[in-house]
Amino acid sequence: MKKPSGTIHSSAIRGTASGVFFMALFGTLWAYTGIMGLQELAAPLWLAAAVAIGLVLFIGGASLIRGSRKIKDQSAVADVRTGKRIAIRFNIVFAAEGAAIAIAVAVCNAAGRTALIPIVTALIVGIHFFPLASLFRVKFYHLTGALLCLLALATLLFLPVEASFGATHINAYMSVVGLGSALILWGTGTVIWLMGKRLLMISKL
């Protein structure tokens, strides 16, 4: 493995760890949504498994933070300014996502179409990954965003709002979008974690 040109700064590792934390948290929240959609099929074991997966990713992110502390970092002022600009743009994207979700939820409630809330939310979350891909220079975010959008649209087009399995009923929109989004975000978190570990290895060369 060749060391790329330039220095691996500890701030880059910490930024990667932050991505892992976000995927762990929101992946688990989506899993909770999906489990609630299962209704009668929901079981404490499912929720425990979701929390366990989130914890594993969280521990992985924490390991990146610990590793970053061992890097002798002499960041230039320009690097600090770049980091601040990235943070400001991320906050703008994150705030826009939150505002869009709040508006969408309000519109769905006003229109009496609350069943669409998981689908619309997943679509907005998926879209917000595209500017993040260029902001953080993580091409994989394009795939994450595309998968979330495709999941939302496919659920809307091909699945009923509710499904029955004998005497058991589930909210198909909540369960499919929730669990599907959780898997996508957890998978993304795993990829980012591995990227962070690779950066740590490179920093030691």
# chains A, B, ... in the order shown; residues from 1 in each chain; ligands from 1
>>> residues_around(residues="range 94-99 of chain A", least_positions_apart="5", cutoff="7 Å", atoms="only C-alpha atoms", output="number ranges by chain")
A: 124-125, 128
>>> select_by_dssp(residues="chain A", states="alpha helix (DSSP H)", output="PyMOL selection string")
chain A and resi 10-37+44-68+77-110+117-136+140-158+172-203
>>> closest_residue(among="A:Ala87, A:Ile13, A:Leu45, A:Ile170", to="Leu132 in chain A", atoms="only C-alpha atoms")
A:Ala87
>>> residues_around(residues="Val138 in chain A", least_positions_apart="4", cutoff="12 Å", atoms="only C-alpha atoms", output="PyMOL selection string")
chain A and resi 12+15-16+19+129-134+142-145+188+191-192+195-196
>>> atom_distance(atom1="CA of Leu64 in chain A", atom2="CA of Gly126 in chain A")
25.5 Å
>>> atom_distance(atom1="CA of Asn171 in chain A", atom2="CA of Leu185 in chain A")
21.0 Å
>>> select_by_dssp(residues="range 13-191 of chain A", states="strand (DSSP E or B)", output="PyMOL selection string")
chain A and resi 162-165+168-171
>>> closest_residue(among="A:Leu147, A:Leu38, A:Ile101, A:Ile202", to="Ser68 in chain A", atoms="only C-alpha atoms")
A:Ile202
>>> residues_around(residues="Arg14 in chain A", least_positions_apart="4", cutoff="10 Å", atoms="only C-alpha atoms", output="count of residues only")
14
>>> atom_distance(atom1="CA of Phe21 in chain A", atom2="CA of Leu55 in chain A")
9.4 Å
>>> residues_around(residues="Ala182 in chain A", least_positions_apart="4", cutoff="7 Å", atoms="only C-alpha atoms", output="mmCIF file with all heavy atoms, in the first residue's frame")
data_model
loop_
_atom_site.group_PDB
_atom_site.id
_atom_site.type_symbol
_atom_site.label_atom_id
_atom_site.label_comp_id
_atom_site.auth_asym_id
_atom_site.auth_seq_id
_atom_site.Cartn_x
_atom_site.Cartn_y
_atom_site.Cartn_z
ATOM 1 N N GLY A 27 -29.086 5.137 11.832
ATOM 2 C CA GLY A 27 -29.431 3.789 11.398
ATOM 3 C C GLY A 27 -30.273 3.083 12.450
ATOM 4 O O GLY A 27 -31.261 2.410 12.133
ATOM 5 N N THR A 28 -29.904 3.271 13.714
ATOM 6 C CA THR A 28 -30.664 2.647 14.800
ATOM 7 C C THR A 28 -32.055 3.260 14.929
ATOM 8 O O THR A 28 -33.034 2.553 15.179
ATOM 9 C CB THR A 28 -29.899 2.792 16.135
ATOM 10 O OG1 THR A 28 -28.597 2.206 15.982
ATOM 11 C CG2 THR A 28 -30.634 2.086 17.262
ATOM 12 N N TRP A 30 -33.807 4.532 12.469
ATOM 13 C CA TRP A 30 -34.594 3.987 11.359
ATOM 14 C C TRP A 30 -35.013 2.555 11.656
ATOM 15 O O TRP A 30 -36.127 2.141 11.334
ATOM 16 C CB TRP A 30 -33.787 4.037 10.058
ATOM 17 C CG TRP A 30 -33.937 5.325 9.295
ATOM 18 C CD1 TRP A 30 -32.974 6.263 9.076
ATOM 19 C CD2 TRP A 30 -35.108 5.799 8.632
ATOM 20 N NE1 TRP A 30 -33.477 7.301 8.332
ATOM 21 C CE2 TRP A 30 -34.779 7.037 8.031
ATOM 22 C CE3 TRP A 30 -36.393 5.307 8.473
ATOM 23 C CZ2 TRP A 30 -35.701 7.784 7.301
ATOM 24 C CZ3 TRP A 30 -37.318 6.049 7.742
ATOM 25 C CH2 TRP A 30 -36.971 7.268 7.171
ATOM 26 N N ALA A 31 -34.122 1.800 12.276
ATOM 27 C CA ALA A 31 -34.466 0.421 12.641
ATOM 28 C C ALA A 31 -35.638 0.410 13.622
ATOM 29 O O ALA A 31 -36.547 -0.426 13.520
ATOM 30 C CB ALA A 31 -33.256 -0.285 13.254
ATOM 31 N N GLY A 178 -38.187 1.705 7.052
ATOM 32 C CA GLY A 178 -37.396 1.807 8.276
ATOM 33 C C GLY A 178 -36.246 0.831 8.318
ATOM 34 O O GLY A 178 -35.083 1.217 8.522
ATOM 35 N N TRP A 186 -26.336 1.650 8.172
ATOM 36 C CA TRP A 186 -25.340 0.821 8.870
ATOM 37 C C TRP A 186 -24.248 0.372 7.911
ATOM 38 O O TRP A 186 -23.072 0.341 8.273
ATOM 39 C CB TRP A 186 -26.010 -0.384 9.501
ATOM 40 C CG TRP A 186 -26.779 -0.093 10.749
ATOM 41 C CD1 TRP A 186 -26.579 0.950 11.624
ATOM 42 C CD2 TRP A 186 -27.878 -0.852 11.272
ATOM 43 N NE1 TRP A 186 -27.485 0.879 12.647
ATOM 44 C CE2 TRP A 186 -28.284 -0.211 12.478
ATOM 45 C CE3 TRP A 186 -28.545 -2.004 10.858
ATOM 46 C CZ2 TRP A 186 -29.344 -0.697 13.250
ATOM 47 C CZ3 TRP A 186 -29.592 -2.487 11.634
ATOM 48 C CH2 TRP A 186 -29.983 -1.836 12.814
#
>>> residues_around(residues="Leu41 in chain A", least_positions_apart="3", cutoff="10 Å", atoms="only C-alpha atoms", output="ChimeraX atom specification")
/A:35-38,46,168-170
>>> write_last_selection(atoms="N, CA and C atoms", output="CSV table (one decimal), in the first residue's frame")
chain,number,residue,atom,x,y,z
A,35,ILE,N,-39.1,-1.5,13.1
A,35,ILE,CA,-39.6,-2.5,14.1
A,35,ILE,C,-41.0,-2.1,14.6
A,36,MET,N,-41.3,-0.8,14.8
A,36,MET,CA,-42.6,-0.4,15.2
A,36,MET,C,-43.6,-0.7,14.1
A,37,GLY,N,-43.2,-0.6,12.8
A,37,GLY,CA,-44.0,-0.9,11.7
A,37,GLY,C,-44.5,-2.3,11.6
A,38,LEU,N,-43.7,-3.2,12.2
A,38,LEU,CA,-44.0,-4.6,12.2
A,38,LEU,C,-45.2,-4.9,13.1
A,46,TRP,N,-35.7,-7.8,18.5
A,46,TRP,CA,-35.4,-7.1,17.3
A,46,TRP,C,-34.7,-5.7,17.7
A,168,THR,N,-52.0,-11.5,11.2
A,168,THR,CA,-51.0,-10.5,11.6
A,168,THR,C,-51.0,-9.4,10.6
A,169,HIS,N,-51.0,-8.1,11.0
A,169,HIS,CA,-50.9,-7.0,10.2
A,169,HIS,C,-49.7,-6.2,10.5
A,170,ILE,N,-49.1,-5.6,9.4
A,170,ILE,CA,-47.9,-4.7,9.6
A,170,ILE,C,-48.1,-3.5,8.7
>>> closest_residue(among="A:Leu135, A:Arg198, A:Ala49, A:Leu179", to="Ile92 in chain A", atoms="only C-alpha atoms")
A:Leu135
>>> decode(residues="range 104-131 of chain A", atoms="N, CA and C atoms", output="PDB file, in the first residue's frame")
ATOM      1  N   ALA A 104     -42.401  18.584   5.420  1.00  0.00           N
ATOM      2  CA  ALA A 104     -43.039  17.418   4.805  1.00  0.00           C
ATOM      3  C   ALA A 104     -43.992  16.723   5.780  1.00  0.00           C
ATOM      4  N   VAL A 105     -43.563  16.589   7.027  1.00  0.00           N
ATOM      5  CA  VAL A 105     -44.401  15.958   8.039  1.00  0.00           C
ATOM      6  C   VAL A 105     -45.662  16.782   8.270  1.00  0.00           C
ATOM      7  N   ALA A 106     -45.494  18.115   8.346  1.00  0.00           N
ATOM      8  CA  ALA A 106     -46.649  18.992   8.549  1.00  0.00           C
ATOM      9  C   ALA A 106     -47.632  18.887   7.392  1.00  0.00           C
ATOM     10  N   VAL A 107     -47.109  18.849   6.161  1.00  0.00           N
ATOM     11  CA  VAL A 107     -47.966  18.748   4.986  1.00  0.00           C
ATOM     12  C   VAL A 107     -48.701  17.406   4.964  1.00  0.00           C
ATOM     13  N   CYS A 108     -47.983  16.331   5.262  1.00  0.00           N
ATOM     14  CA  CYS A 108     -48.607  14.997   5.291  1.00  0.00           C
ATOM     15  C   CYS A 108     -49.701  14.926   6.355  1.00  0.00           C
ATOM     16  N   ASN A 109     -49.445  15.505   7.510  1.00  0.00           N
ATOM     17  CA  ASN A 109     -50.455  15.512   8.568  1.00  0.00           C
ATOM     18  C   ASN A 109     -51.670  16.331   8.164  1.00  0.00           C
ATOM     19  N   ALA A 110     -51.427  17.498   7.565  1.00  0.00           N
ATOM     20  CA  ALA A 110     -52.528  18.367   7.149  1.00  0.00           C
ATOM     21  C   ALA A 110     -53.375  17.716   6.065  1.00  0.00           C
ATOM     22  N   ALA A 111     -52.705  16.933   5.186  1.00  0.00           N
ATOM     23  CA  ALA A 111     -53.416  16.288   4.087  1.00  0.00           C
ATOM     24  C   ALA A 111     -54.010  14.940   4.480  1.00  0.00           C
ATOM     25  N   GLY A 112     -53.775  14.524   5.717  1.00  0.00           N
ATOM     26  CA  GLY A 112     -54.282  13.234   6.156  1.00  0.00           C
ATOM     27  C   GLY A 112     -53.566  12.057   5.515  1.00  0.00           C
ATOM     28  N   ARG A 113     -52.312  12.257   5.118  1.00  0.00           N
ATOM     29  CA  ARG A 113     -51.526  11.191   4.477  1.00  0.00           C
ATOM     30  C   ARG A 113     -50.312  10.859   5.345  1.00  0.00           C
ATOM     31  N   THR A 114     -50.559  10.591   6.596  1.00  0.00           N
ATOM     32  CA  THR A 114     -49.464  10.320   7.523  1.00  0.00           C
ATOM     33  C   THR A 114     -48.671   9.069   7.152  1.00  0.00           C
ATOM     34  N   ALA A 115     -49.295   8.152   6.406  1.00  0.00           N
ATOM     35  CA  ALA A 115     -48.604   6.925   6.010  1.00  0.00           C
ATOM     36  C   ALA A 115     -47.403   7.231   5.117  1.00  0.00           C
ATOM     37  N   LEU A 116     -47.424   8.405   4.469  1.00  0.00           N
ATOM     38  CA  LEU A 116     -46.337   8.758   3.555  1.00  0.00           C
ATOM     39  C   LEU A 116     -45.119   9.332   4.271  1.00  0.00           C
ATOM     40  N   ILE A 117     -45.251   9.619   5.558  1.00  0.00           N
ATOM     41  CA  ILE A 117     -44.153  10.285   6.276  1.00  0.00           C
ATOM     42  C   ILE A 117     -42.837   9.506   6.201  1.00  0.00           C
ATOM     43  N   PRO A 118     -42.817   8.180   6.430  1.00  0.00           N
ATOM     44  CA  PRO A 118     -41.530   7.464   6.325  1.00  0.00           C
ATOM     45  C   PRO A 118     -40.922   7.552   4.928  1.00  0.00           C
ATOM     46  N   ILE A 119     -41.763   7.469   3.906  1.00  0.00           N
ATOM     47  CA  ILE A 119     -41.269   7.497   2.532  1.00  0.00           C
ATOM     48  C   ILE A 119     -40.683   8.868   2.191  1.00  0.00           C
ATOM     49  N   VAL A 120     -41.422   9.921   2.521  1.00  0.00           N
ATOM     50  CA  VAL A 120     -40.950  11.272   2.218  1.00  0.00           C
ATOM     51  C   VAL A 120     -39.676  11.584   3.011  1.00  0.00           C
ATOM     52  N   THR A 121     -39.641  11.152   4.259  1.00  0.00           N
ATOM     53  CA  THR A 121     -38.453  11.390   5.088  1.00  0.00           C
ATOM     54  C   THR A 121     -37.233  10.686   4.514  1.00  0.00           C
ATOM     55  N   ALA A 122     -37.397   9.420   4.115  1.00  0.00           N
ATOM     56  CA  ALA A 122     -36.282   8.673   3.527  1.00  0.00           C
ATOM     57  C   ALA A 122     -35.803   9.330   2.240  1.00  0.00           C
ATOM     58  N   LEU A 123     -36.743   9.853   1.460  1.00  0.00           N
ATOM     59  CA  LEU A 123     -36.380  10.522   0.212  1.00  0.00           C
ATOM     60  C   LEU A 123     -35.549  11.778   0.490  1.00  0.00           C
ATOM     61  N   ILE A 124     -35.961  12.555   1.482  1.00  0.00           N
ATOM     62  CA  ILE A 124     -35.221  13.774   1.834  1.00  0.00           C
ATOM     63  C   ILE A 124     -33.840  13.420   2.382  1.00  0.00           C
ATOM     64  N   VAL A 125     -33.783  12.412   3.233  1.00  0.00           N
ATOM     65  CA  VAL A 125     -32.496  11.983   3.782  1.00  0.00           C
ATOM     66  C   VAL A 125     -31.571  11.515   2.653  1.00  0.00           C
ATOM     67  N   GLY A 126     -32.131  10.774   1.705  1.00  0.00           N
ATOM     68  CA  GLY A 126     -31.334  10.311   0.579  1.00  0.00           C
ATOM     69  C   GLY A 126     -30.778  11.459  -0.239  1.00  0.00           C
ATOM     70  N   ILE A 127     -31.621  12.453  -0.512  1.00  0.00           N
ATOM     71  CA  ILE A 127     -31.191  13.603  -1.312  1.00  0.00           C
ATOM     72  C   ILE A 127     -30.073  14.372  -0.615  1.00  0.00           C
ATOM     73  N   HIS A 128     -30.143  14.455   0.727  1.00  0.00           N
ATOM     74  CA  HIS A 128     -29.153  15.262   1.439  1.00  0.00           C
ATOM     75  C   HIS A 128     -27.754  14.644   1.388  1.00  0.00           C
ATOM     76  N   PHE A 129     -27.658  13.359   1.016  1.00  0.00           N
ATOM     77  CA  PHE A 129     -26.340  12.730   0.919  1.00  0.00           C
ATOM     78  C   PHE A 129     -25.572  13.205  -0.319  1.00  0.00           C
ATOM     79  N   PHE A 130     -26.258  13.689  -1.334  1.00  0.00           N
ATOM     80  CA  PHE A 130     -25.560  14.095  -2.559  1.00  0.00           C
ATOM     81  C   PHE A 130     -24.673  15.319  -2.338  1.00  0.00           C
ATOM     82  N   PRO A 131     -25.153  16.390  -1.689  1.00  0.00           N
ATOM     83  CA  PRO A 131     -24.209  17.484  -1.399  1.00  0.00           C
ATOM     84  C   PRO A 131     -23.123  17.091  -0.406  1.00  0.00           C
TER      85      PRO A 131
END
